[in-house]
Amino acid sequence: MGIYQEQLLPRFQDLIMSRKSAREVRARVCEGLRGDVVEIGFGSGLNSPYYPTEVTKVLAVEPSKVCMRLAEPRIARASITVEMAGLNGEHLDLPSESFDAVLSTWTLCTIPDVAAALAEIRRVLKPEGAFHFVEHGHAPDTSVAKWQHRLEPLNKRFAGGCHLTRRIADSIEQAGFAFGQLDTYYFNGEPKPFGFTFEGRASKR
């Protein structure tokens with residue numbers, strides 16, 4: 001699985017996650033970002049075309065070297081300064097209460113300790129900062145949720161540790177956030193077990 005996880009999966013994800021439907025969501029989630037932004041799960045830089053001009057700098061947290069190589073041309077085209085800021089969202093080597101926003105797009109599903117990652121996101125945000133996110137997770141429909149539980153072990157193995165059953169909204173609230181906006185829906189064109197989506201913004205309680 002080493003070559004697959006390290007070399008093939010990042011390229012496959014870059015292709016899948018650059019679909020038109022995903023680009024439309026990225027544009028919405030990035031709207032309103034400003035100042036210094038931490039992006040958890042920077043990936044191959046697919047959000048970079050959608051950073052508003054009000055963004056001063058993006059601190060990219062990303063464990064994959066292949067993803068960062070794929071991101072290089074996108075970073076070069078961006079008008080925003082992007083700096084590498086670590087490999088692990090569970091332990092951010094960044095000062096507390098120093099950032100205007102944190103951005104996460106389809107990332108919390110893969111982080112082993114999602115509670116630790118959310119605690120770090122809350123820690124680095126300024127008191128008035130905003131957490132912008134889109135994630136997929138546990139569906140409200142019983143029949144879909146059953147399939148999520150059945151498919152999750154295989155999905156984790158072949159999709160970089162991606163969980164299908166995480167209750168994203170609950171986890172964000174339990175980490176000490178309050179929602180300013182939360183939309184939930186099945187992602188258009190995605191099989192339902194993989195596509196129940198949480199999109200929104202939250203602030204520190």
# chains A, B, ... in the order shown; residues from 1 in each chain; ligands from 1

$ residues_around --residues "Arg205 in chain A" --least-positions-apart "5" --cutoff "8 Å" --atoms "only C-alpha atoms" --output "PyMOL selection string"
chain A and resi 176-178

$ closest_atom_pairs --of "range 36-110 of chain A" --to "range 7-19 of chain A" --cutoff "12 Å" --atoms "only C-alpha atoms" --output "tab-separated table"
residue	atom	partner	partner_atom	distance
A:Gly41	CA	A:Pro10	CA	11.8
A:Phe42	CA	A:Asp14	CA	11.3
A:Gly43	CA	A:Asp14	CA	7.9
A:Ser44	CA	A:Asp14	CA	6.4
A:Gly45	CA	A:Asp14	CA	9.0
A:Leu46	CA	A:Ser18	CA	6.8
A:Asn47	CA	A:Ser18	CA	9.5
A:Ser48	CA	A:Ser18	CA	11.8
A:Pro49	CA	A:Ser18	CA	11.5
A:Glu62	CA	A:Pro10	CA	11.4
A:Pro63	CA	A:Pro10	CA	10.8
A:Ser64	CA	A:Pro10	CA	7.7
A:Lys65	CA	A:Gln7	CA	9.1
A:Val66	CA	A:Gln7	CA	6.6
A:Cys67	CA	A:Pro10	CA	5.9
A:Met68	CA	A:Pro10	CA	9.7
A:Arg69	CA	A:Pro10	CA	10.3
A:Leu70	CA	A:Arg11	CA	8.1
A:Ala71	CA	A:Asp14	CA	9.5
A:Thr105	CA	A:Met17	CA	10.1
A:Trp106	CA	A:Met17	CA	9.2
A:Thr107	CA	A:Met17	CA	11.8

$ write_last_selection --atoms "all heavy atoms" --output "compact mmCIF listing (two decimals), in the first residue's frame"
# COMPACT_ATOMS: atom_id res chain seq x y z
N GLY A 41 -5.07 20.47 5.59
CA GLY A 41 -5.28 19.59 4.44
C GLY A 41 -5.23 20.39 3.15
O GLY A 41 -6.16 20.38 2.36
N PHE A 42 -4.12 21.09 2.94
CA PHE A 42 -3.96 21.94 1.77
C PHE A 42 -4.05 21.14 0.47
O PHE A 42 -4.48 21.65 -0.56
CB PHE A 42 -2.60 22.65 1.86
CG PHE A 42 -2.33 23.62 0.75
CD1 PHE A 42 -2.88 24.87 0.76
CD2 PHE A 42 -1.49 23.26 -0.31
CE1 PHE A 42 -2.63 25.78 -0.26
CE2 PHE A 42 -1.23 24.15 -1.34
CZ PHE A 42 -1.80 25.41 -1.32
N GLY A 43 -3.66 19.86 0.54
CA GLY A 43 -3.76 19.00 -0.63
C GLY A 43 -2.92 19.50 -1.79
O GLY A 43 -1.77 19.93 -1.62
N SER A 44 -3.51 19.49 -2.97
CA SER A 44 -2.79 19.92 -4.18
C SER A 44 -3.14 21.35 -4.57
O SER A 44 -3.00 21.74 -5.73
CB SER A 44 -3.10 18.96 -5.34
OG SER A 44 -4.50 18.82 -5.52
N GLY A 45 -3.58 22.13 -3.59
CA GLY A 45 -3.82 23.55 -3.82
C GLY A 45 -5.07 23.88 -4.60
O GLY A 45 -5.17 24.95 -5.21
N LEU A 46 -6.07 23.00 -4.54
CA LEU A 46 -7.28 23.21 -5.33
C LEU A 46 -8.12 24.39 -4.87
O LEU A 46 -8.96 24.90 -5.62
CB LEU A 46 -8.12 21.93 -5.33
CG LEU A 46 -7.52 20.75 -6.10
CD1 LEU A 46 -8.31 19.48 -5.85
CD2 LEU A 46 -7.45 21.04 -7.59
N ASN A 47 -7.90 24.85 -3.63
CA ASN A 47 -8.64 26.03 -3.16
C ASN A 47 -8.00 27.34 -3.57
O ASN A 47 -8.63 28.39 -3.49
CB ASN A 47 -8.76 26.01 -1.63
CG ASN A 47 -9.69 24.93 -1.14
OD1 ASN A 47 -10.70 24.64 -1.76
ND2 ASN A 47 -9.36 24.31 -0.02
N SER A 48 -6.75 27.28 -4.02
CA SER A 48 -5.99 28.53 -4.23
C SER A 48 -6.63 29.49 -5.23
O SER A 48 -6.51 30.71 -5.05
CB SER A 48 -4.54 28.21 -4.62
OG SER A 48 -4.48 27.43 -5.78
N PRO A 49 -7.32 29.02 -6.27
CA PRO A 49 -7.95 30.00 -7.16
C PRO A 49 -9.10 30.78 -6.52
O PRO A 49 -9.55 31.79 -7.09
CB PRO A 49 -8.49 29.14 -8.32
CG PRO A 49 -7.73 27.87 -8.26
CD PRO A 49 -7.46 27.65 -6.80
N GLU A 62 -0.05 20.19 5.31
CA GLU A 62 -0.25 19.08 4.37
C GLU A 62 0.86 18.04 4.52
O GLU A 62 2.04 18.37 4.39
CB GLU A 62 -0.27 19.61 2.93
CG GLU A 62 -0.33 18.55 1.85
CD GLU A 62 -1.50 17.60 2.04
OE1 GLU A 62 -2.64 18.08 2.20
OE2 GLU A 62 -1.26 16.38 2.01
N PRO A 63 0.51 16.78 4.78
CA PRO A 63 1.53 15.75 4.99
C PRO A 63 2.11 15.16 3.71
O PRO A 63 3.18 14.55 3.75
CB PRO A 63 0.77 14.66 5.77
CG PRO A 63 -0.65 14.82 5.34
CD PRO A 63 -0.84 16.29 5.11
N SER A 64 1.44 15.32 2.57
CA SER A 64 1.87 14.64 1.34
C SER A 64 2.82 15.50 0.51
O SER A 64 2.46 16.58 0.04
CB SER A 64 0.65 14.27 0.49
OG SER A 64 1.04 13.82 -0.79
N LYS A 65 4.03 14.99 0.28
CA LYS A 65 4.98 15.68 -0.58
C LYS A 65 4.50 15.71 -2.02
O LYS A 65 4.72 16.69 -2.74
CB LYS A 65 6.34 14.99 -0.50
CG LYS A 65 7.02 15.10 0.85
CD LYS A 65 8.35 14.37 0.85
CE LYS A 65 9.02 14.45 2.22
NZ LYS A 65 10.32 13.72 2.24
N VAL A 66 3.84 14.64 -2.47
CA VAL A 66 3.32 14.61 -3.84
C VAL A 66 2.26 15.69 -4.03
O VAL A 66 2.25 16.41 -5.03
CB VAL A 66 2.75 13.21 -4.17
CG1 VAL A 66 2.03 13.23 -5.52
CG2 VAL A 66 3.86 12.18 -4.20
N CYS A 67 1.37 15.83 -3.04
CA CYS A 67 0.35 16.88 -3.13
C CYS A 67 0.98 18.26 -3.25
O CYS A 67 0.55 19.08 -4.06
CB CYS A 67 -0.56 16.83 -1.91
SG CYS A 67 -1.86 15.57 -2.00
N MET A 68 2.00 18.50 -2.47
CA MET A 68 2.65 19.82 -2.50
C MET A 68 3.34 20.05 -3.84
O MET A 68 3.36 21.18 -4.34
CB MET A 68 3.63 19.97 -1.35
CG MET A 68 2.96 20.05 0.03
SD MET A 68 1.67 21.34 0.16
CE MET A 68 2.62 22.85 -0.07
N ARG A 69 3.88 19.00 -4.45
CA ARG A 69 4.46 19.16 -5.79
C ARG A 69 3.37 19.47 -6.82
O ARG A 69 3.56 20.32 -7.69
CB ARG A 69 5.23 17.91 -6.20
CG ARG A 69 6.56 17.74 -5.49
CD ARG A 69 7.50 16.83 -6.26
NE ARG A 69 6.95 15.48 -6.43
CZ ARG A 69 7.13 14.49 -5.56
NH1 ARG A 69 7.84 14.69 -4.46
NH2 ARG A 69 6.62 13.30 -5.79
N LEU A 70 2.25 18.77 -6.71
CA LEU A 70 1.13 19.05 -7.61
C LEU A 70 0.60 20.47 -7.42
O LEU A 70 0.08 21.08 -8.36
CB LEU A 70 0.00 18.05 -7.36
CG LEU A 70 0.27 16.59 -7.74
CD1 LEU A 70 -0.87 15.70 -7.26
CD2 LEU A 70 0.44 16.43 -9.25
N ALA A 71 0.74 20.99 -6.20
CA ALA A 71 0.22 22.32 -5.89
C ALA A 71 1.10 23.45 -6.42
O ALA A 71 0.63 24.58 -6.54
CB ALA A 71 0.06 22.47 -4.37
N THR A 105 -11.33 21.69 3.77
CA THR A 105 -12.22 21.18 2.74
C THR A 105 -11.96 19.69 2.55
O THR A 105 -10.91 19.30 2.07
CB THR A 105 -12.04 21.93 1.39
OG1 THR A 105 -10.67 21.88 0.99
CG2 THR A 105 -12.46 23.39 1.53
N TRP A 106 -12.92 18.89 2.96
CA TRP A 106 -12.86 17.44 2.83
C TRP A 106 -11.57 16.88 3.45
O TRP A 106 -10.85 16.08 2.84
CB TRP A 106 -13.00 17.02 1.35
CG TRP A 106 -14.33 17.38 0.79
CD1 TRP A 106 -15.54 16.81 1.08
CD2 TRP A 106 -14.61 18.40 -0.19
NE1 TRP A 106 -16.54 17.40 0.35
CE2 TRP A 106 -16.01 18.37 -0.43
CE3 TRP A 106 -13.80 19.32 -0.87
CZ2 TRP A 106 -16.61 19.24 -1.33
CZ3 TRP A 106 -14.42 20.18 -1.77
CH2 TRP A 106 -15.81 20.14 -1.99
N THR A 107 -11.31 17.29 4.69
CA THR A 107 -10.07 16.91 5.37
C THR A 107 -10.32 16.20 6.69
O THR A 107 -9.60 15.27 7.05
CB THR A 107 -9.21 18.17 5.62
OG1 THR A 107 -8.84 18.74 4.37
CG2 THR A 107 -7.96 17.85 6.41

$ residues_around --residues "range 159-165 of chain A" --least-positions-apart "5" --cutoff "12 Å" --atoms "only C-alpha atoms" --output "PyMOL selection string"
chain A and resi 1-2+4-13+16+63-64+106-114+135-142+144-154+170-171+191-197

$ atom_distance --atom1 "CA of Thr53 in chain A" --atom2 "CA of Ile80 in chain A"
7.7 Å

$ residues_around --residues "Gly180 in chain A" --least-positions-apart "4" --cutoff "8 Å" --atoms "only C-alpha atoms" --output "NGL selection string"
:A and (200-203)

$ write_last_selection --atoms "N, CA, C and O atoms" --output "PDB file, in the first residue's frame"
ATOM      1  N   GLY A 200     -20.224  24.963   6.007  1.00  0.00           N
ATOM      2  CA  GLY A 200     -20.589  26.122   6.800  1.00  0.00           C
ATOM      3  C   GLY A 200     -19.425  26.895   7.378  1.00  0.00           C
ATOM      4  O   GLY A 200     -18.281  26.758   6.941  1.00  0.00           O
ATOM      5  N   ARG A 201     -19.758  27.688   8.376  1.00  0.00           N
ATOM      6  CA  ARG A 201     -18.780  28.517   9.090  1.00  0.00           C
ATOM      7  C   ARG A 201     -19.110  28.473  10.574  1.00  0.00           C
ATOM      8  O   ARG A 201     -20.282  28.385  10.964  1.00  0.00           O
ATOM      9  N   ALA A 202     -18.067  28.538  11.367  1.00  0.00           N
ATOM     10  CA  ALA A 202     -18.262  28.485  12.821  1.00  0.00           C
ATOM     11  C   ALA A 202     -17.283  29.442  13.485  1.00  0.00           C
ATOM     12  O   ALA A 202     -16.224  29.761  12.934  1.00  0.00           O
ATOM     13  N   SER A 203     -17.639  29.862  14.680  1.00  0.00           N
ATOM     14  CA  SER A 203     -16.770  30.735  15.459  1.00  0.00           C
ATOM     15  C   SER A 203     -16.610  30.158  16.869  1.00  0.00           C
ATOM     16  O   SER A 203     -17.378  29.294  17.287  1.00  0.00           O
TER      17      SER A 203
END

$ atom_distance --atom1 "CA of Arg28 in chain A" --atom2 "CA of Gln181 in chain A"
12.0 Å

$ residues_around --residues "Thr56 in chain A" --least-positions-apart "5" --cutoff "7 Å" --atoms "only C-alpha atoms" --output "list in words"
Arg34, Gly35, Asp36 and Ile80 of chain A

$ atom_distance --atom1 "CA of Val134 in chain A" --atom2 "CA of Leu182 in chain A"
9.6 Å

$ residues_around --residues "Arg123 in chain A" --least-positions-apart "4" --cutoff "10 Å" --atoms "only C-alpha atoms" --output "JSON, numbers by chain"
{"A": [92, 94, 95, 96, 97, 98, 99, 117, 118, 119, 127, 204]}

$ write_last_selection --atoms "all heavy atoms" --output "CSV table (one decimal), in the first residue's frame"
chain,number,residue,atom,x,y,z
A,92,LEU,N,-0.5,21.6,15.6
A,92,LEU,CA,-0.1,22.7,14.8
A,92,LEU,C,1.0,23.5,15.5
A,92,LEU,O,0.9,23.9,16.6
A,92,LEU,CB,-1.3,23.6,14.5
A,92,LEU,CG,-2.4,23.0,13.8
A,92,LEU,CD1,-3.6,24.0,13.7
A,92,LEU,CD2,-2.0,22.6,12.4
A,94,LEU,N,2.0,26.4,15.5
A,94,LEU,CA,1.6,27.8,15.2
A,94,LEU,C,1.1,28.4,16.5
A,94,LEU,O,0.6,27.8,17.4
A,94,LEU,CB,0.4,27.8,14.2
A,94,LEU,CG,0.7,27.2,12.8
A,94,LEU,CD1,-0.6,27.1,12.0
A,94,LEU,CD2,1.7,28.1,12.1
A,95,PRO,N,1.3,29.8,16.6
A,95,PRO,CA,0.9,30.5,17.9
A,95,PRO,C,-0.6,30.5,18.1
A,95,PRO,O,-1.4,30.5,17.1
A,95,PRO,CB,1.5,31.9,17.7
A,95,PRO,CG,1.6,32.0,16.2
A,95,PRO,CD,1.9,30.7,15.6
A,96,SER,N,-1.0,30.5,19.3
A,96,SER,CA,-2.4,30.6,19.7
A,96,SER,C,-3.0,31.9,19.4
A,96,SER,O,-2.3,33.0,19.4
A,96,SER,CB,-2.5,30.3,21.2
A,96,SER,OG,-2.1,29.0,21.5
A,97,GLU,N,-4.3,31.9,19.0
A,97,GLU,CA,-5.1,33.1,18.8
A,97,GLU,C,-4.4,34.1,17.9
A,97,GLU,O,-4.4,35.3,18.1
A,97,GLU,CB,-5.5,33.8,20.1
A,97,GLU,CG,-6.3,32.9,21.0
A,97,GLU,CD,-6.9,33.6,22.2
A,97,GLU,OE1,-6.5,34.7,22.5
A,97,GLU,OE2,-7.8,33.0,22.8
A,98,SER,N,-3.9,33.6,16.7
A,98,SER,CA,-3.1,34.5,15.9
A,98,SER,C,-3.6,34.5,14.4
A,98,SER,O,-3.1,35.3,13.6
A,98,SER,CB,-1.6,34.0,15.8
A,98,SER,OG,-1.0,34.0,17.1
A,99,PHE,N,-4.7,33.8,14.1
A,99,PHE,CA,-5.1,33.7,12.7
A,99,PHE,C,-6.6,34.1,12.5
A,99,PHE,O,-7.4,33.8,13.4
A,99,PHE,CB,-4.8,32.3,12.2
A,99,PHE,CG,-3.4,32.0,12.2
A,99,PHE,CD1,-2.8,31.3,13.3
A,99,PHE,CD2,-2.5,32.4,11.2
A,99,PHE,CE1,-1.5,31.0,13.4
A,99,PHE,CE2,-1.2,32.1,11.3
A,99,PHE,CZ,-0.6,31.4,12.3
A,117,ALA,N,-7.6,17.7,16.3
A,117,ALA,CA,-7.4,18.7,15.2
A,117,ALA,C,-8.3,19.9,15.4
A,117,ALA,O,-7.9,21.0,15.2
A,117,ALA,CB,-7.7,18.0,13.9
A,118,LEU,N,-9.6,19.6,15.8
A,118,LEU,CA,-10.5,20.7,16.0
A,118,LEU,C,-10.1,21.6,17.2
A,118,LEU,O,-10.3,22.8,17.2
A,118,LEU,CB,-11.9,20.1,16.2
A,118,LEU,CG,-12.6,19.6,15.0
A,118,LEU,CD1,-13.8,18.8,15.3
A,118,LEU,CD2,-13.0,20.8,14.1
A,119,ALA,N,-9.5,20.9,18.2
A,119,ALA,CA,-9.0,21.7,19.4
A,119,ALA,C,-7.9,22.6,18.9
A,119,ALA,O,-7.8,23.8,19.4
A,119,ALA,CB,-8.5,20.7,20.5
A,127,PRO,N,-9.9,35.4,18.7
A,127,PRO,CA,-11.3,35.3,19.3
A,127,PRO,C,-12.4,35.6,18.3
A,127,PRO,O,-13.5,35.0,18.4
A,127,PRO,CB,-11.2,36.4,20.4
A,127,PRO,CG,-9.7,36.4,20.8
A,127,PRO,CD,-9.0,36.2,19.5
A,204,LYS,N,-15.6,30.7,17.6
A,204,LYS,CA,-15.4,30.2,18.9
A,204,LYS,C,-16.5,30.6,19.9
A,204,LYS,O,-16.9,31.8,19.9
A,204,LYS,CB,-14.0,30.7,19.4
A,204,LYS,CG,-12.8,30.1,18.6
A,204,LYS,CD,-11.6,30.9,18.8
A,204,LYS,CE,-10.9,30.7,20.1
A,204,LYS,NZ,-9.5,31.2,20.1
